$ cat upload00.cif   # mmCIF, C-alpha atoms
data_structure
loop_
_atom_site.label_atom_id
_atom_site.label_comp_id
_atom_site.auth_asym_id
_atom_site.auth_seq_id
_atom_site.Cartn_x
_atom_site.Cartn_y
_atom_site.Cartn_z
CA MET A 1416 170.94 -41.35 -124.75
CA ALA A 1417 167.82 -43.05 -126.08
CA ARG A 1418 167.56 -40.43 -128.84
CA ARG A 1419 171.03 -40.94 -130.29
CA GLY A 1420 170.09 -43.84 -132.59
CA PRO A 1421 166.98 -42.23 -134.13
CA GLU A 1422 168.73 -38.85 -134.31
CA LEU A 1423 171.66 -40.38 -136.19
CA ALA A 1424 169.25 -42.08 -138.58
CA VAL A 1425 167.53 -38.75 -139.33
CA ARG A 1426 170.90 -37.07 -139.86
CA LEU A 1427 171.93 -39.79 -142.32
CA VAL A 1428 168.69 -39.37 -144.26
CA LEU A 1429 169.30 -35.62 -144.53
CA VAL A 1430 172.89 -36.18 -145.69
CA ALA A 1431 171.67 -38.76 -148.21
CA GLY A 1432 169.27 -36.15 -149.56
CA ALA A 1433 172.13 -33.68 -150.03
CA ILE A 1434 174.14 -36.37 -151.87
CA ALA A 1435 171.12 -37.03 -154.09
CA ILE A 1436 171.08 -33.32 -154.94
CA GLY A 1437 174.70 -33.61 -156.03
CA ILE A 1438 173.85 -36.61 -158.18
CA LEU A 1439 170.94 -34.68 -159.71
CA TRP A 1440 173.28 -31.85 -160.64
CA TRP A 1441 175.91 -34.20 -162.04
CA SER A 1442 173.42 -36.14 -164.16
CA GLY A 1443 172.17 -32.93 -165.76
CA THR A 1444 175.60 -31.44 -166.38
CA SER A 1445 177.82 -32.02 -169.40
CA ALA A 1446 181.59 -31.74 -169.24
CA ALA A 1447 181.54 -28.95 -171.81
CA SER A 1448 179.23 -26.80 -169.64
CA VAL A 1449 181.79 -26.54 -166.83
CA HIS A 1450 184.70 -25.69 -169.08
CA GLY A 1451 186.41 -22.38 -168.40
CA ALA A 1452 185.84 -19.79 -165.68
CA ALA A 1453 182.33 -18.88 -166.80
CA GLY A 1454 181.18 -22.50 -166.87
CA ALA A 1455 182.79 -23.32 -163.52
CA LEU A 1456 181.23 -20.32 -161.79
CA THR A 1457 177.79 -21.02 -163.24
CA ALA A 1458 178.01 -24.69 -162.27
CA ALA A 1459 179.01 -23.83 -158.70
CA GLY A 1460 176.13 -21.36 -158.54
CA ARG A 1461 173.70 -24.03 -159.70
CA VAL A 1462 174.91 -26.46 -157.03
CA ALA A 1463 174.50 -23.76 -154.37
CA GLY A 1464 170.98 -23.01 -155.59
CA LEU A 1465 169.94 -26.66 -155.53
CA LEU A 1466 171.34 -27.14 -152.04
CA ALA A 1467 169.63 -23.95 -150.84
CA ALA A 1468 166.28 -25.18 -152.17
CA TYR A 1469 166.80 -28.59 -150.57
CA LEU A 1470 167.70 -27.08 -147.20
CA VAL A 1471 164.63 -24.84 -147.31
CA LEU A 1472 162.48 -27.96 -147.71
CA VAL A 1473 164.38 -29.57 -144.83
CA GLU A 1474 163.74 -26.47 -142.73
CA LEU A 1475 160.01 -26.67 -143.41
CA THR A 1476 159.94 -30.39 -142.66
CA LEU A 1477 161.72 -29.93 -139.33
CA MET A 1478 159.01 -27.52 -138.19
CA ALA A 1479 156.07 -29.37 -139.76
CA ARG A 1480 155.16 -30.88 -136.34
CA ILE A 1481 155.44 -34.42 -137.75
CA ALA A 1482 154.82 -36.62 -134.71
CA ALA A 1483 157.18 -39.47 -135.70
CA LEU A 1484 160.03 -37.04 -136.37
CA GLU A 1485 159.47 -35.21 -133.08
CA ARG A 1486 159.42 -38.49 -131.13
CA ALA A 1487 162.63 -39.62 -132.80
CA VAL A 1488 164.66 -36.44 -132.35
CA GLY A 1489 162.83 -34.13 -129.97
CA PHE A 1490 161.32 -30.71 -130.57
CA ASP A 1491 164.25 -28.95 -128.94
CA ARG A 1492 166.79 -30.47 -131.32
CA LEU A 1493 164.56 -30.02 -134.35
CA ALA A 1494 164.25 -26.33 -133.47
CA ALA A 1495 168.02 -26.06 -132.97
CA TRP A 1496 168.68 -27.71 -136.34
CA HIS A 1497 166.13 -25.38 -137.93
CA ARG A 1498 167.90 -22.30 -136.55
CA GLY A 1499 171.35 -23.59 -137.50
CA LEU A 1500 170.41 -24.46 -141.07
CA GLY A 1501 168.78 -21.07 -141.61
CA THR A 1502 172.13 -19.29 -141.81
CA ASN A 1503 173.37 -21.84 -144.35
CA VAL A 1504 170.30 -21.28 -146.51
CA ILE A 1505 170.91 -17.53 -146.70
CA LEU A 1506 174.60 -18.04 -147.49
CA LEU A 1507 173.82 -20.57 -150.21
CA ILE A 1508 171.25 -18.24 -151.78
CA ALA A 1509 173.82 -15.43 -151.82
CA VAL A 1510 176.46 -17.73 -153.33
CA HIS A 1511 173.94 -18.96 -155.92
CA VAL A 1512 173.08 -15.43 -157.04
CA VAL A 1513 176.64 -14.09 -157.09
CA LEU A 1514 178.28 -17.03 -158.85
CA THR A 1515 175.50 -17.59 -161.37
CA VAL A 1516 175.31 -13.93 -162.39
CA TRP A 1517 179.09 -13.69 -162.46
CA GLY A 1518 179.33 -16.77 -164.66
CA TYR A 1519 176.61 -15.51 -167.03
CA GLY A 1520 178.35 -12.13 -167.18
CA LEU A 1521 181.67 -13.66 -168.17
CA ALA A 1522 179.99 -15.73 -170.87
CA ASP A 1523 178.09 -12.70 -172.23
CA HIS A 1524 180.99 -10.27 -171.68
CA HIS A 1525 178.83 -8.11 -169.37
CA GLN A 1526 179.60 -6.46 -166.07
CA PRO A 1527 177.98 -8.36 -163.13
CA LEU A 1528 175.50 -5.57 -162.30
CA ALA A 1529 174.38 -5.24 -165.90
CA GLU A 1530 174.06 -9.01 -166.15
CA LEU A 1531 171.97 -9.08 -162.97
CA VAL A 1532 169.52 -6.61 -164.50
CA THR A 1533 169.37 -8.71 -167.67
CA VAL A 1534 168.75 -11.91 -165.75
CA VAL A 1535 165.99 -10.44 -163.59
CA THR A 1536 164.18 -8.71 -166.45
CA SER A 1537 164.48 -11.25 -169.25
CA TYR A 1538 164.86 -14.77 -167.81
CA PRO A 1539 161.65 -16.79 -167.14
CA ASP A 1540 160.15 -16.27 -163.68
CA MET A 1541 163.26 -14.47 -162.42
CA TRP A 1542 161.35 -11.51 -161.00
CA LYS A 1543 159.47 -13.97 -158.79
CA ALA A 1544 162.72 -15.62 -157.74
CA THR A 1545 164.24 -12.23 -156.92
CA LEU A 1546 161.32 -11.29 -154.69
CA GLY A 1547 161.48 -14.71 -153.03
CA ALA A 1548 165.21 -14.34 -152.38
CA LEU A 1549 164.65 -10.94 -150.76
CA LEU A 1550 161.99 -12.49 -148.51
CA PHE A 1551 164.44 -15.20 -147.47
CA VAL A 1552 167.00 -12.54 -146.58
CA ALA A 1553 164.39 -10.70 -144.49
CA VAL A 1554 163.62 -13.93 -142.62
CA GLY A 1555 167.33 -14.49 -142.08
CA ILE A 1556 167.89 -10.99 -140.71
CA THR A 1557 165.01 -11.28 -138.24
CA SER A 1558 166.39 -14.64 -137.10
CA GLY A 1559 169.62 -13.06 -135.92
CA ARG A 1560 170.20 -12.84 -132.18
CA LEU A 1561 170.08 -9.05 -132.08
CA ALA A 1562 166.84 -8.85 -134.08
CA ARG A 1563 165.19 -11.57 -131.98
CA THR A 1564 165.80 -9.57 -128.81
CA ARG A 1565 164.25 -6.44 -130.32
CA LEU A 1566 161.29 -7.91 -132.20
CA SER A 1567 158.16 -9.13 -130.50
CA TYR A 1568 157.36 -12.78 -131.00
CA GLU A 1569 154.31 -11.81 -133.06
CA ALA A 1570 156.37 -9.63 -135.43
CA TRP A 1571 159.02 -12.34 -135.77
CA TYR A 1572 156.33 -14.93 -136.48
CA ALA A 1573 154.66 -12.74 -139.11
CA VAL A 1574 157.95 -12.30 -140.98
CA HIS A 1575 158.61 -16.04 -140.84
CA LEU A 1576 155.22 -16.79 -142.37
CA THR A 1577 156.49 -15.14 -145.57
CA THR A 1578 158.80 -18.15 -145.98
CA TYR A 1579 155.92 -20.02 -147.58
CA LEU A 1580 155.46 -17.23 -150.13
CA ALA A 1581 159.24 -17.17 -150.75
CA VAL A 1582 159.27 -20.91 -151.45
CA PHE A 1583 156.35 -20.53 -153.85
CA LEU A 1584 157.97 -17.63 -155.72
CA THR A 1585 161.39 -19.26 -156.12
CA PHE A 1586 160.07 -22.65 -157.22
CA PHE A 1587 159.07 -21.63 -160.74
CA HIS A 1588 162.46 -20.41 -161.94
CA GLN A 1589 164.06 -23.68 -160.87
CA ARG A 1590 162.09 -25.77 -163.36
CA ALA A 1591 162.02 -23.03 -166.02
CA THR A 1592 165.76 -22.28 -166.14
CA GLY A 1593 167.50 -25.09 -164.24
CA ALA A 1594 169.62 -27.23 -166.56
CA GLU A 1595 168.86 -30.21 -164.29
CA PHE A 1596 165.15 -29.95 -165.11
CA VAL A 1597 164.80 -28.41 -168.59
CA GLY A 1598 164.56 -31.35 -170.97
CA HIS A 1599 164.64 -33.84 -168.07
CA PRO A 1600 160.99 -34.73 -167.32
CA VAL A 1601 161.82 -37.42 -164.76
CA ALA A 1602 164.06 -35.12 -162.69
CA SER A 1603 161.47 -32.35 -163.00
CA ALA A 1604 158.69 -34.64 -161.81
CA LEU A 1605 160.75 -35.90 -158.86
CA TRP A 1606 161.58 -32.33 -157.85
CA LEU A 1607 157.91 -31.37 -158.01
CA GLY A 1608 157.03 -34.48 -155.99
CA LEU A 1609 159.49 -33.46 -153.26
CA TYR A 1610 157.84 -30.05 -152.95
CA LEU A 1611 154.36 -31.58 -152.93
CA ALA A 1612 155.35 -34.08 -150.22
CA VAL A 1613 156.61 -31.29 -147.94
CA ALA A 1614 153.48 -29.24 -148.67
CA ALA A 1615 151.28 -32.22 -147.79
CA ALA A 1616 153.12 -32.69 -144.48
CA LEU A 1617 152.68 -29.02 -143.61
CA VAL A 1618 148.99 -28.97 -144.50
CA GLY A 1619 148.30 -32.24 -142.71
CA TRP A 1620 150.19 -31.70 -139.47
CA ARG A 1621 149.91 -27.92 -139.09
CA LEU A 1622 146.43 -27.29 -140.46
CA VAL A 1623 144.19 -30.35 -140.87
CA LEU A 1624 145.13 -32.12 -137.62
CA PRO A 1625 144.82 -29.02 -135.37
CA VAL A 1626 141.49 -28.08 -136.95
CA ALA A 1627 140.22 -31.64 -136.48
CA ARG A 1628 141.13 -31.42 -132.81
CA VAL A 1629 138.93 -28.37 -132.38
CA SER A 1630 135.79 -30.38 -133.07
CA ARG A 1631 137.07 -33.55 -131.42
CA HIS A 1632 138.20 -32.12 -128.08
CA ARG A 1633 136.25 -28.83 -127.92
CA MET A 1634 138.80 -27.23 -125.59
CA ARG A 1635 137.81 -24.05 -123.80
CA VAL A 1636 139.29 -21.93 -121.01
CA ASP A 1637 137.73 -23.05 -117.74
CA ARG A 1638 139.36 -20.51 -115.43
CA VAL A 1639 142.48 -18.39 -114.96
CA VAL A 1640 144.23 -18.39 -111.58
CA VAL A 1641 146.94 -15.95 -110.45
CA GLU A 1642 149.78 -17.98 -108.91
CA ALA A 1643 152.36 -15.23 -108.26
CA PRO A 1644 153.11 -11.72 -109.54
CA GLY A 1645 153.13 -12.05 -113.32
CA VAL A 1646 152.35 -15.78 -113.22
CA VAL A 1647 148.97 -17.32 -114.06
CA SER A 1648 147.59 -20.81 -114.48
CA VAL A 1649 145.11 -21.39 -117.27
CA TRP A 1650 142.83 -24.38 -116.82
CA ILE A 1651 141.51 -25.78 -120.12
CA ARG A 1652 138.48 -28.06 -120.16
CA GLY A 1653 137.74 -30.42 -123.03
CA HIS A 1654 136.53 -33.84 -124.12
CA GLY A 1655 138.74 -36.91 -124.42
CA LEU A 1656 141.91 -34.98 -123.68
CA ASP A 1657 143.64 -38.20 -122.70
CA ARG A 1658 143.57 -39.12 -126.41
CA LEU A 1659 146.04 -36.30 -127.04
CA GLY A 1660 148.67 -38.58 -125.51
CA ALA A 1661 150.20 -35.76 -123.46
CA ARG A 1662 152.44 -36.60 -120.51
CA SER A 1663 153.61 -34.57 -117.55
CA GLY A 1664 156.61 -32.45 -118.50
CA GLN A 1665 155.58 -32.05 -122.13
CA PHE A 1666 154.36 -28.87 -123.80
CA LEU A 1667 151.86 -27.98 -126.48
CA LEU A 1668 151.65 -25.07 -128.90
CA TRP A 1669 148.64 -23.04 -127.81
CA ARG A 1670 146.29 -20.64 -129.55
CA PHE A 1671 143.20 -19.04 -128.06
CA ALA A 1672 140.25 -17.51 -129.89
CA ALA A 1673 140.90 -14.07 -128.45
CA ARG A 1674 142.51 -10.91 -129.78
CA GLY A 1675 146.26 -11.33 -130.07
CA HIS A 1676 146.17 -15.07 -129.34
CA LEU A 1677 144.88 -16.74 -132.49
CA LEU A 1678 147.36 -15.99 -135.27
CA SER A 1679 150.54 -17.24 -133.58
CA ALA A 1680 151.13 -20.38 -131.52
CA HIS A 1681 153.12 -20.26 -128.28
CA PRO A 1682 154.72 -23.19 -126.43
CA TYR A 1683 153.46 -23.65 -122.87
CA SER A 1684 154.14 -26.67 -120.66
CA LEU A 1685 151.59 -28.62 -118.71
CA SER A 1686 151.87 -27.78 -115.02
CA ALA A 1687 149.72 -30.66 -113.79
CA PRO A 1688 149.30 -34.25 -114.96
CA PRO A 1689 146.76 -34.31 -117.79
CA GLU A 1690 143.24 -35.49 -116.99
CA PRO A 1691 140.61 -36.80 -119.41
CA ASP A 1692 138.68 -33.53 -119.26
CA MET A 1693 141.20 -30.96 -117.98
CA LEU A 1694 144.65 -29.59 -118.71
CA ARG A 1695 146.58 -26.86 -116.91
CA ILE A 1696 149.35 -24.61 -118.12
CA THR A 1697 151.21 -22.15 -115.88
CA VAL A 1698 152.84 -19.20 -117.60
CA LYS A 1699 155.16 -16.43 -116.45
CA ALA A 1700 154.68 -13.08 -118.21
CA ALA A 1701 157.63 -12.68 -120.56
CA GLY A 1702 156.00 -10.83 -123.45
CA ASP A 1703 152.76 -9.42 -124.76
CA HIS A 1704 151.19 -12.82 -125.43
CA SER A 1705 152.05 -14.49 -122.13
CA ARG A 1706 151.15 -11.35 -120.19
CA ALA A 1707 147.72 -11.19 -121.87
CA LEU A 1708 146.84 -14.74 -120.80
CA ALA A 1709 145.64 -13.25 -117.52
CA ASP A 1710 142.84 -11.54 -119.46
CA LEU A 1711 141.43 -14.71 -121.05
CA ARG A 1712 137.76 -15.19 -120.26
CA PRO A 1713 136.19 -18.51 -119.27
CA GLY A 1714 134.66 -20.16 -122.30
CA THR A 1715 137.30 -18.88 -124.74
CA PRO A 1716 137.97 -21.65 -127.33
CA ALA A 1717 141.50 -23.09 -127.29
CA LEU A 1718 143.49 -24.92 -129.95
CA ALA A 1719 146.59 -26.99 -129.20
CA GLU A 1720 149.26 -28.68 -131.33
CA GLY A 1721 151.29 -31.47 -129.81
CA PRO A 1722 152.24 -32.78 -127.35
CA PHE A 1723 155.98 -32.29 -127.79
CA GLY A 1724 159.09 -33.04 -125.78
CA HIS A 1725 161.01 -35.82 -124.05
CA PHE A 1726 161.08 -34.10 -120.65
CA THR A 1727 159.02 -36.90 -119.07
CA ALA A 1728 159.25 -39.55 -116.37
CA ALA A 1729 160.21 -42.08 -119.05
CA ALA A 1730 163.72 -40.58 -119.04
CA ALA A 1731 164.18 -41.36 -115.31
CA ARG A 1732 165.19 -44.99 -114.78
CA ARG A 1733 166.98 -45.09 -111.42
CA GLY A 1734 163.98 -44.58 -109.14
CA ARG A 1735 165.74 -41.58 -107.56
CA VAL A 1736 165.13 -38.17 -109.14
CA LEU A 1737 166.21 -34.58 -108.56
CA LEU A 1738 164.02 -31.86 -110.06
CA ILE A 1739 165.38 -28.30 -110.34
CA GLY A 1740 163.04 -25.56 -111.50
CA GLY A 1741 162.75 -21.81 -111.59
CA GLY A 1742 160.83 -19.09 -113.40
CA SER A 1743 158.48 -20.43 -116.06
CA GLY A 1744 160.36 -23.72 -115.86
CA ILE A 1745 158.58 -24.60 -112.64
CA ALA A 1746 155.48 -25.58 -114.65
CA PRO A 1747 156.81 -28.83 -116.17
CA ILE A 1748 158.71 -29.56 -112.92
CA ARG A 1749 155.44 -29.38 -110.98
CA ALA A 1750 153.66 -31.82 -113.31
CA LEU A 1751 156.66 -34.13 -113.47
CA ALA A 1752 156.98 -34.25 -109.68
CA GLU A 1753 153.44 -35.55 -109.31
CA ASP A 1754 153.95 -38.12 -112.06
CA LEU A 1755 157.11 -39.43 -110.40
CA VAL A 1756 155.50 -39.56 -106.95
CA ARG A 1757 152.61 -41.57 -108.35
CA ARG A 1758 155.16 -43.95 -109.83
CA GLY A 1759 156.77 -44.40 -106.42
CA ASP A 1760 160.12 -42.71 -107.14
CA ASP A 1761 162.24 -40.99 -104.49
CA VAL A 1762 161.86 -37.32 -105.50
CA VAL A 1763 163.80 -34.24 -104.42
CA VAL A 1764 162.64 -30.82 -105.66
CA VAL A 1765 164.79 -27.68 -105.72
CA HIS A 1766 162.65 -24.59 -106.26
CA ARG A 1767 164.72 -21.55 -107.22
CA ALA A 1768 163.52 -17.92 -107.25
CA SER A 1769 165.06 -14.48 -106.79
CA HIS A 1770 162.30 -13.47 -104.35
CA PRO A 1771 159.87 -15.49 -102.19
CA ALA A 1772 156.93 -13.82 -103.96
CA ASP A 1773 158.11 -15.38 -107.23
CA LEU A 1774 157.71 -18.96 -105.98
CA ALA A 1775 154.78 -19.90 -108.23
CA LEU A 1776 152.99 -23.16 -107.32
CA HIS A 1777 155.08 -23.36 -104.16
CA GLY A 1778 152.05 -24.10 -102.02
CA GLU A 1779 151.42 -27.25 -104.04
CA PHE A 1780 155.01 -28.37 -103.59
CA ARG A 1781 154.74 -27.64 -99.87
CA GLU A 1782 151.63 -29.83 -99.56
CA VAL A 1783 153.29 -32.91 -101.04
CA ALA A 1784 156.44 -32.19 -99.03
CA ASP A 1785 154.46 -31.97 -95.79
CA ALA A 1786 152.86 -35.29 -96.69
CA GLY A 1787 156.33 -36.84 -96.93
CA LEU A 1788 156.04 -37.53 -100.67
CA VAL A 1789 158.97 -35.34 -101.78
CA ARG A 1790 161.89 -33.53 -100.20
CA LEU A 1791 161.67 -29.82 -100.98
CA HIS A 1792 164.53 -27.31 -100.98
CA THR A 1793 163.58 -23.68 -101.52
CA LEU A 1794 166.40 -21.43 -102.71
CA THR A 1795 165.48 -17.75 -102.83
CA GLY A 1796 167.46 -14.55 -103.21
CA SER A 1797 169.34 -12.98 -106.10
CA ARG A 1798 172.99 -13.84 -106.57
CA ARG A 1799 173.87 -10.16 -106.11
CA ASP A 1800 172.16 -9.95 -102.72
CA LEU A 1801 173.38 -13.35 -101.52
CA GLY A 1802 176.93 -12.95 -102.77
CA PHE A 1803 176.87 -16.46 -104.24
CA ASP A 1804 174.87 -18.66 -106.57
CA PRO A 1805 172.62 -21.08 -104.62
CA LEU A 1806 172.91 -23.49 -107.55
CA ASP A 1807 176.71 -23.61 -107.63
CA ALA A 1808 178.28 -27.00 -106.99
CA ALA A 1809 179.08 -26.31 -103.34
CA HIS A 1810 175.62 -25.13 -102.29
CA LEU A 1811 173.67 -27.55 -104.48
CA GLY A 1812 175.80 -30.42 -103.26
CA ALA A 1813 175.17 -29.41 -99.65
CA ALA A 1814 171.41 -29.31 -100.23
CA VAL A 1815 171.25 -32.58 -102.17
CA THR A 1816 174.11 -34.75 -100.96
CA ASP A 1817 173.21 -37.72 -103.17
CA ALA A 1818 172.75 -35.78 -106.42
CA ALA A 1819 175.29 -37.96 -108.22
CA ASP A 1820 173.06 -41.01 -107.68
CA ARG A 1821 169.95 -39.43 -109.23
CA ASP A 1822 168.43 -38.70 -112.59
CA VAL A 1823 168.17 -34.91 -112.79
CA PHE A 1824 165.66 -32.72 -114.62
CA VAL A 1825 166.40 -28.99 -114.92
CA CYS A 1826 164.02 -26.40 -116.35
CA GLY A 1827 164.17 -22.63 -116.07
CA PRO A 1828 165.71 -19.55 -117.63
CA PRO A 1829 168.68 -20.39 -119.93
CA GLY A 1830 171.26 -18.93 -117.51
CA MET A 1831 169.90 -20.92 -114.59
CA THR A 1832 169.74 -24.12 -116.62
CA THR A 1833 173.32 -23.73 -117.85
CA ALA A 1834 174.64 -22.98 -114.35
CA ALA A 1835 172.78 -25.92 -112.81
CA ALA A 1836 174.00 -28.32 -115.49
CA ARG A 1837 177.58 -27.16 -114.89
CA SER A 1838 177.24 -27.70 -111.15
CA LEU A 1839 175.73 -31.15 -111.64
CA ARG A 1840 178.66 -32.23 -113.78
CA ALA A 1841 181.00 -30.97 -111.07
CA LEU A 1842 179.07 -33.08 -108.57
CA GLY A 1843 179.63 -36.20 -110.65
CA VAL A 1844 176.27 -36.50 -112.41
CA PRO A 1845 176.88 -37.99 -115.89
CA ARG A 1846 175.68 -35.91 -118.82
CA HIS A 1847 173.23 -38.58 -119.95
CA ARG A 1848 171.38 -38.32 -116.61
CA VAL A 1849 170.93 -34.54 -116.78
CA HIS A 1850 167.73 -33.84 -118.70
CA THR A 1851 166.95 -30.38 -120.05
CA GLU A 1852 164.75 -29.28 -122.89
CA GLU A 1853 164.37 -26.04 -124.79
CA PHE A 1854 160.93 -25.40 -126.22
CA ALA A 1855 161.32 -21.96 -127.76
CA LEU A 1856 160.34 -21.58 -131.41
CA ARG A 1857 162.90 -18.88 -132.12
#

$ encode --input "upload00.cif" --output "structure tokens"
Amino acid sequence: MARRGPELAVRLVLVAGAIAIGILWWSGTSAASVHGAAGALTAAGRVAGLLAAYLVLVELTLMARIAALERAVGFDRLAAWHRGLGTNVILLIAVHVVLTVWGYGLADHHQPLAELVTVVTSYPDMWKATLGALLFVAVGITSGRLARTRLSYEAWYAVHLTTYLAVFLTFFHQRATGAEFVGHPVASALWLGLYLAVAAALVGWRLVLPVARVSRHRMRVDRVVVEAPGVVSVWIRGHGLDRLGARSGQFLLWRFAARGHLLSAHPYSLSAPPEPDMLRITVKAAGDHSRALADLRPGTPALAEGPFGHFTAAAARRGRVLLIGGGSGIAPIRALAEDLVRRGDDVVVVHRASHPADLALHGEFREVADAGLVRLHTLTGSRRDLGFDPLDAAHLGAAVTDAADRDVFVCGPPGMTTAAARSLRALGVPRHRVHTEEFALR
């Protein structure tokens, strides 16, 4: 609920930017240029191209790790917007190419394919734009659901890095051939300024700030602890880590100076409240990168971006909290539980796993439960073996009879999170008191 006002403000700014693009096109367009089929098609193609370029800049800004933007909207929603806009960018690029070439072909009395060859080979900087457009299409294809399930995260990330090259390649033809910019120095300067502002945000937040943190905090792997089959905790020691501003329940984007860990950042949640000289992440093996964390050696340098996320105690305001966690989602639940206990809240924890051996960090939950600080419900067994879902409304309601009176935090695999949220609504928990957060980058 608290994010609705800032989120609406960001949405309005983005819409205002799109309207400004329309005004830019209109101011650089004469009535004669849109006369007839050729003019109308070319004009529509130009609008599509301008909007595609604008949305690409929006896409980059959403993932620039700008702290104020993340606090206002949340990393999960920024990532969701980024994924949703990506499809629109590819469609707009396709519309731009088809309509512009079609319009030029009608004006020159050429077939579309012949006109495409002419445009690419004779118009200023068009070969660069063509290569850039193909790179955008490649990024779009690898962003599809089917491709994401087949590609490793590292391969997906490598393809997405080519977006920067695609933006660079397509920029030149805009100012060289765009009617909105040719002969309009003010519009051309403003357009260049927009690109430079986005580039500055990317360099500042994604390069300069993380590098500065390396020397400031000097984070290194302290030790790696096996918590359950396929689950490890990585303890990271550093200096002045409290100045990161991280809170229990949040996540950071981690890189480690080890083979296979440095080129791509991965989101891992804190699994213990942050200390001035120590952080802990707990990770379940779900791919090559997370599986290889078990092989990290003590002393390996670490680099972190963030913190990110609104999955914190600040969202709980009733003094009575239900925490539901499973799989890798137990990490932020574990940290959040301790934070809430320290605050004096009445805390109930539901720990879900298909097998008792998969109950990572369960010993820590058991300790605080035995001390009377939380009420712990352990739900194990697969739905197939049990014949029911332990998180359905009937069984969850029986385990936590006062769920409707609590703020609820749910973190785990997507299927578990969706099922738990559905059960909570059936039990009368309002949507605004059910807190979930997705922290995947793709």

$ resolve_selection --input "upload00.cif" --expression "the PyMOL selection byres ((chain A and resi 1479) around 12)" --output "ChimeraX atom specification"
/A:1472-1478,1480-1485,1490,1493-1494,1497,1612-1624,1720-1721

$ closest_residue --input "upload00.cif" --among "A:Ala1548, A:Val1582, A:Leu1806, A:Ala1453" --to "Leu1521 of chain A" --atoms "all atoms listed in the file"
A:Ala1453

$ closest_residue --input "upload00.cif" --among "A:Arg1757, A:Ala1594, A:Ala1834, A:Gly1734" --to "Val1783 of chain A" --atoms "all atoms listed in the file"
A:Arg1757

$ closest_residue --input "upload00.cif" --among "A:Pro1716, A:Gly1759, A:Gly1660, A:Gly1655" --to "Arg1735 of chain A" --atoms "all atoms listed in the file"
A:Gly1759

$ atom_distance --input "upload00.cif" --atom1 "atom CA of Arg1628 of chain A" --atom2 "atom CA of Arg1658 of chain A"
10.3 Å

$ closest_residue --input "upload00.cif" --among "A:Leu1751, A:Val1597, A:Val1647, A:Ala1730" --to "Ser1705 of chain A" --atoms "all atoms listed in the file"
A:Val1647

$ closest_residue --input "upload00.cif" --among "A:Arg1733, A:Lys1699, A:Arg1560, A:Arg1749" --to "Thr1502 of chain A" --atoms "only C-alpha atoms"
A:Arg1560

$ atom_distance --input "upload00.cif" --atom1 "atom CA of Ala1701 of chain A" --atom2 "atom CA of Leu1801 of chain A"
24.7 Å

$ resolve_selection --input "upload00.cif" --expression "the PyMOL selection byres ((chain A and resi 1715) around 10)" --output "ChimeraX atom specification"
/A:1634-1638,1651,1671-1673,1711-1714,1716-1717

$ resolve_selection --input "upload00.cif" --expression "the PyMOL selection byres ((chain A and resi 1670) around 6)" --output "number ranges by chain"
A: 1669, 1671, 1676-1677, 1680, 1717-1718

$ closest_residue --input "upload00.cif" --among "A:Ala1495, A:Ala1768, A:Ala1719, A:Ala1433" --to "Ser1630 of chain A" --atoms "only C-alpha atoms"
A:Ala1719
